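Novice: Next comes data_22.txt, compact mmCIF, C-alpha atoms:
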# COMPACT_ATOMS: atom_id res chain seq x y z
CA MET A 451 40.46 -21.68 25.97
CA CYS A 452 38.83 -20.66 29.22
CA LEU A 453 37.74 -23.46 31.48
CA PRO A 454 34.25 -22.96 32.98
CA SER A 455 33.69 -22.71 36.70
CA PRO A 456 30.52 -21.91 38.66
CA GLY A 457 29.48 -18.32 38.06
CA THR A 458 31.74 -17.78 35.09
CA SER A 459 31.21 -17.57 31.36
CA THR A 460 33.54 -19.28 28.94
CA ALA A 461 35.22 -17.37 26.16
CA GLU A 462 37.01 -19.87 24.00
CA ARG A 463 39.22 -18.81 21.14
CA ALA A 464 39.36 -21.87 18.89
CA SER A 465 42.43 -21.65 16.70
CA SER A 466 44.89 -24.15 15.32
CA GLU A 467 47.60 -21.60 14.66
CA SER A 468 50.96 -22.20 16.26
CA GLN A 469 51.02 -18.87 18.07
CA SER A 470 47.89 -19.71 20.05
CA PRO A 471 48.40 -19.05 23.77
CA ALA A 472 48.55 -21.83 26.32
CA VAL A 473 45.37 -22.61 28.24
CA GLY A 474 46.84 -21.23 31.44
CA ASP A 475 47.33 -17.83 29.83
CA VAL A 476 43.64 -17.40 29.07
CA LEU A 477 41.97 -18.09 32.39
CA SER A 478 40.12 -15.16 33.92
CA THR A 479 37.21 -14.65 36.28
CA LEU A 480 33.98 -13.13 34.99
CA ASP A 481 30.96 -12.12 37.03
CA ILE A 482 28.33 -12.30 34.32
CA ILE A 483 25.80 -10.11 36.14
CA CYS A 484 28.32 -7.29 36.66
CA GLU A 485 28.71 -4.85 33.77
CA ASP A 486 32.20 -3.79 34.85
CA SER A 487 33.34 -7.40 35.07
CA ILE A 488 32.04 -8.13 31.58
CA LYS A 489 33.80 -5.07 30.22
CA LYS A 490 37.06 -6.13 31.87
CA ALA A 491 36.76 -9.64 30.43
CA VAL A 492 36.25 -8.23 26.94
CA GLU A 493 39.32 -6.02 27.31
CA GLU A 494 41.43 -8.93 28.56
CA THR A 495 40.24 -11.12 25.71
CA GLU A 496 40.87 -8.40 23.13
CA ALA A 497 44.42 -7.99 24.40
CA LEU A 498 44.90 -11.71 23.91
CA VAL A 499 43.29 -12.29 20.51
CA GLY A 500 44.05 -8.93 18.87
CA GLU A 501 42.87 -8.39 15.31
CA GLN A 502 42.14 -12.09 14.82
CA GLY A 503 39.09 -11.73 17.03
CA LEU A 504 37.22 -14.29 19.11
CA ASN A 505 36.14 -17.49 17.41
CA CYS A 506 33.85 -19.03 20.01
CA LEU A 507 31.91 -17.70 22.98
CA ILE A 508 30.34 -20.33 25.24
CA ASN A 509 27.74 -19.00 27.66
CA ASN A 510 28.00 -21.74 30.25
CA ALA A 511 27.21 -20.08 33.58
CA ALA A 512 23.90 -20.89 35.25
CA ILE A 513 22.32 -21.25 38.67
CA ASN A 514 19.42 -23.32 39.92
CA ARG A 515 17.27 -23.76 42.98
CA ILE A 516 14.34 -25.97 43.93
CA ALA A 517 11.13 -24.00 43.49
CA THR A 518 7.74 -25.61 42.98
CA LEU A 519 4.46 -23.87 42.27
CA ASP A 520 3.83 -23.73 46.02
CA SER A 521 7.27 -22.40 46.95
CA VAL A 522 8.43 -20.24 44.02
CA THR A 523 8.77 -16.51 44.69
CA ALA A 524 9.15 -13.46 42.47
CA GLN A 525 12.71 -13.08 43.74
CA ASP A 526 13.50 -16.69 42.77
CA MET A 527 12.30 -15.96 39.25
CA LEU A 528 14.16 -12.68 38.90
CA THR A 529 17.44 -14.02 40.29
CA ILE A 530 17.53 -17.11 38.06
CA TYR A 531 16.30 -15.17 35.02
CA GLU A 532 19.04 -12.55 35.43
CA THR A 533 21.82 -15.12 35.52
CA ASN A 534 20.46 -17.73 33.10
CA ALA A 535 18.89 -15.53 30.43
CA VAL A 536 19.71 -11.82 30.73
CA ALA A 537 23.40 -12.31 31.46
CA PRO A 538 24.16 -14.54 28.43
CA LEU A 539 22.56 -11.94 26.19
CA MET A 540 24.58 -9.11 27.72
CA VAL A 541 27.82 -11.11 27.57
CA SER A 542 27.15 -12.00 23.93
CA LYS A 543 26.42 -8.38 23.11
CA ALA A 544 29.65 -7.23 24.78
CA PHE A 545 31.77 -9.76 22.87
CA LEU A 546 30.17 -9.06 19.49
CA PRO A 547 32.95 -6.73 18.25
CA LEU A 548 35.53 -9.48 18.78
CA LEU A 549 33.29 -12.14 17.24
CA ARG A 550 32.70 -9.91 14.22
CA LYS A 551 36.45 -9.45 13.78
CA ALA A 552 36.88 -13.20 13.61
CA ALA A 553 33.88 -13.66 11.32
CA CYS A 554 35.39 -11.28 8.77
CA GLN A 555 38.34 -13.60 8.25
CA ASP A 556 36.38 -16.50 6.75
CA ASN A 557 33.16 -17.11 4.86
CA VAL A 558 32.15 -20.57 6.09
CA MET A 559 30.12 -20.84 9.31
CA GLY A 560 31.59 -22.80 12.20
CA ILE A 561 33.52 -22.35 15.45
CA HIS A 562 36.70 -21.94 13.39
CA ARG A 563 35.11 -18.67 12.24
CA ALA A 564 32.78 -17.24 14.91
CA ALA A 565 30.10 -18.83 17.09
CA ILE A 566 27.96 -18.24 20.16
CA ILE A 567 27.10 -21.39 22.08
CA ASN A 568 24.36 -21.02 24.69
CA MET A 569 24.33 -23.90 27.17
CA SER A 570 20.66 -24.71 27.56
CA SER A 571 18.77 -27.72 28.90
CA GLN A 572 16.36 -30.29 27.56
CA SER A 573 14.10 -29.25 30.43
CA ALA A 574 13.59 -25.99 28.50
CA SER A 575 11.79 -27.84 25.72
CA ILE A 576 8.09 -27.03 25.70
CA GLN A 577 7.36 -29.95 23.38
CA LEU A 578 9.01 -32.42 25.77
CA PHE A 579 7.43 -30.94 28.89
CA PHE A 580 5.23 -33.88 29.81
CA GLN A 581 8.12 -36.31 29.37
CA ASN A 582 10.04 -34.57 32.13
CA LYS A 583 7.55 -33.59 34.83
CA LYS A 584 10.26 -33.67 37.51
CA SER A 585 11.40 -30.32 36.15
CA GLN A 586 8.23 -28.83 37.61
CA GLU A 587 10.31 -28.67 40.79
CA VAL A 588 12.54 -26.02 39.22
CA TYR A 589 10.14 -23.42 37.83
CA PRO A 590 12.71 -20.57 37.56
CA TYR A 591 15.45 -22.65 35.94
CA ARG A 592 13.21 -24.25 33.36
CA ILE A 593 11.52 -21.00 32.37
CA ALA A 594 14.81 -19.09 32.18
CA LYS A 595 16.37 -21.75 29.94
CA THR A 596 13.36 -21.56 27.64
CA ALA A 597 13.95 -17.81 27.44
CA LEU A 598 17.61 -18.51 26.66
CA ASN A 599 16.51 -20.61 23.69
CA MET A 600 14.54 -17.66 22.35
CA ILE A 601 17.64 -15.50 22.79
CA THR A 602 19.54 -18.02 20.66
CA CYS A 603 16.90 -17.73 17.93
CA CYS A 604 16.96 -13.93 18.05
CA LEU A 605 20.76 -13.86 17.90
CA ALA A 606 20.73 -16.34 15.02
CA ALA A 607 18.40 -14.08 13.04
CA ASP A 608 20.31 -10.88 13.78
CA LEU A 609 23.81 -12.32 13.28
CA MET A 610 23.19 -14.39 10.16
CA SER A 611 24.53 -11.61 7.94
CA ASP A 612 27.65 -11.39 10.09
CA GLY A 613 28.34 -15.09 9.67
CA ILE A 614 28.28 -15.73 13.44
CA LEU A 615 26.84 -19.17 14.11
CA CYS A 616 24.46 -19.40 17.10
CA ILE A 617 23.04 -22.52 18.77
CA SER A 618 21.55 -23.73 22.03
CA LEU A 619 23.20 -26.88 23.38
CA HIS A 620 21.87 -29.38 25.91
CA PRO A 621 24.99 -30.89 27.53
CA GLY A 622 23.10 -33.77 29.11
CA TRP A 623 22.15 -34.37 32.72
CA VAL A 624 25.62 -34.67 34.15
CA GLN A 625 27.04 -35.42 37.59
CA THR A 626 28.23 -31.91 38.45
CA ASP A 627 27.60 -29.62 41.41
CA MET A 628 24.33 -28.60 39.77
CA GLY A 629 23.42 -31.94 38.20
CA GLY A 630 23.91 -33.88 41.42
CA SER A 631 24.95 -37.46 42.07
CA LYS A 632 21.73 -38.94 40.64
CA ALA A 633 22.49 -37.68 37.14
CA PRO A 634 22.96 -40.58 34.69
CA LEU A 635 25.99 -39.12 32.90
CA GLN A 636 29.54 -38.34 33.97
CA VAL A 637 31.61 -35.43 32.69
CA LYS A 638 34.06 -37.80 30.98
CA GLU A 639 31.18 -39.20 28.91
CA THR A 640 29.72 -35.93 27.69
CA ILE A 641 32.77 -33.71 27.13
CA PRO A 642 34.05 -35.67 24.09
CA GLY A 643 30.56 -35.59 22.62
CA ILE A 644 30.18 -31.86 23.18
CA LEU A 645 33.57 -31.15 21.62
CA ASN A 646 32.69 -33.32 18.63
CA VAL A 647 29.38 -31.49 18.14
CA LEU A 648 31.07 -28.09 18.32
CA ALA A 649 33.84 -29.09 15.92
CA ASN A 650 31.32 -30.22 13.31
CA LEU A 651 28.88 -27.31 13.42
CA THR A 652 28.02 -25.84 10.03
CA GLU A 653 25.57 -23.33 8.59
CA LYS A 654 22.79 -25.96 8.67
CA ASP A 655 22.98 -25.90 12.47
CA HIS A 656 22.60 -22.13 12.74
CA GLY A 657 19.78 -21.33 15.17
CA ALA A 658 19.36 -24.98 16.20
CA PHE A 659 18.80 -26.63 19.59
CA LEU A 660 21.10 -29.66 19.81
CA ASN A 661 22.15 -32.10 22.50
CA TRP A 662 25.61 -33.39 23.34
CA LYS A 663 25.22 -36.18 20.80
CA GLY A 664 24.43 -33.75 18.00
CA GLU A 665 20.74 -34.69 17.93
CA VAL A 666 18.08 -32.03 17.44
CA VAL A 667 16.09 -31.22 20.60
CA PRO A 668 12.47 -30.12 20.03
CA TRP A 669 11.75 -26.54 21.02
Using structure tokens, write down the structure from this file.

Specialist:
Amino acid sequence: MCLPSPGTSTAERASSESQSPAVGDVLSTLDIICEDSIKKAVEETEALVGEQGLNCLINNAAINRIATLDSVTAQDMLTIYETNAVAPLMVSKAFLPLLRKAACQDNVMGIHRAAIINMSSQSASIQLFFQNKKSQEVYPYRIAKTALNMITCCLAADLMSDGILCISLHPGWVQTDMGGSKAPLQVKETIPGILNVLANLTEKDHGAFLNWKGEVVPW
């Protein structure tokens, strides 16, 4: 299991087998907007998991900045879009061979087999837009996360035949470096919920947008 840090993506190999490596053996740094860094991360992961493949890829990295209609610039949009939408797609694409290896070893969808988890945000929901007007202060972030949700849908359609489960997941508004001190949730509250949701994913969740409680979030 790779623990997420700002600017990194999380490649988590979920396995209950006794030969699974210790957490400390799996940590590596990944610059998700650097092609060479992605390639290196794939090679390091392949050396670790071998023919068993990668069971779960969590695209967790994201950046944000305050940008209203009056202040947003083209560069704001491009920078956030590259990290929050383009990069998760490129990372997923790079790790597909390892995910497909894992998917071949079972026939029931779930993270025990192969899954791509895209960390999204409820602020990406078009249907809930007018319930969360404060997000108008973060034009680039909100728009990029909506694009990420479409990436999840596209991946779900393309990878259905491979048996690779794909979802978007809203982790909640949490007190992190990005979420800030005003966020209503603490990490210790949401992590157990997120882990429970991931552990119980099945084929019925393929292509879904869920929150940390396992509830469906409107697109």

Novice: If you count all atoms listed in the file, which residues fall within 10 Å of Ala606 in chain A, apart from same-chain ones fewer than 2 positions away, as a PyMOL selection string?

Specialist: chain A and resi 565-566+600-604+608-617+656-658

Novice: Around the point (38.1, -12.3, 14.8) in the file's coordinates, collect all residues with an atom within 9 Å, using all atoms listed in the file, and return them as a VMD selection string.

Specialist: chain A and resid 499 to 505 547 to 555 563 to 564

Novice: Considering all atoms listed in the file, return as number ranges by chain whatever protein or nucleic-acid residues lie within 12 Å of Leu539 in chain A, sequence-local ones (same chain, fewer than 2 positions apart) excluded.

Specialist: A: 459, 482-483, 488, 507-511, 531-537, 541-546, 566-568, 597-605, 616

Novice: Between CA of Val588 in chain A and CA of Glu485 in chain A, what distance in Å does the model show, to one decimal?

Specialist: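 These atoms are spaced 27.2 Å apart.
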
Novice: Record the distance separating CA of Met540 in chain A and CA of Lys489 in chain A, expressed in Å with one decimal.

Specialist: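 Atom-to-atom, CA of Met540 in chain A and CA of Lys489 in chain A are spaced 10.4 Å apart.
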
Novice: One decimal, in Å: what's the spacing between CA of Val647 in chain A and CA of Gln577 in chain A?

Specialist: 22.7 Å

Novice: Pick from A:Ile576, A:Leu480, A:Glu493, A:Arg592: nearest to Arg515 in chain A, with only C-alpha atoms counted?

Specialist: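 Between A:Ile576, A:Leu480, A:Glu493, A:Arg592, the residue approaching Arg515 in chain A most closely is A:Arg592.
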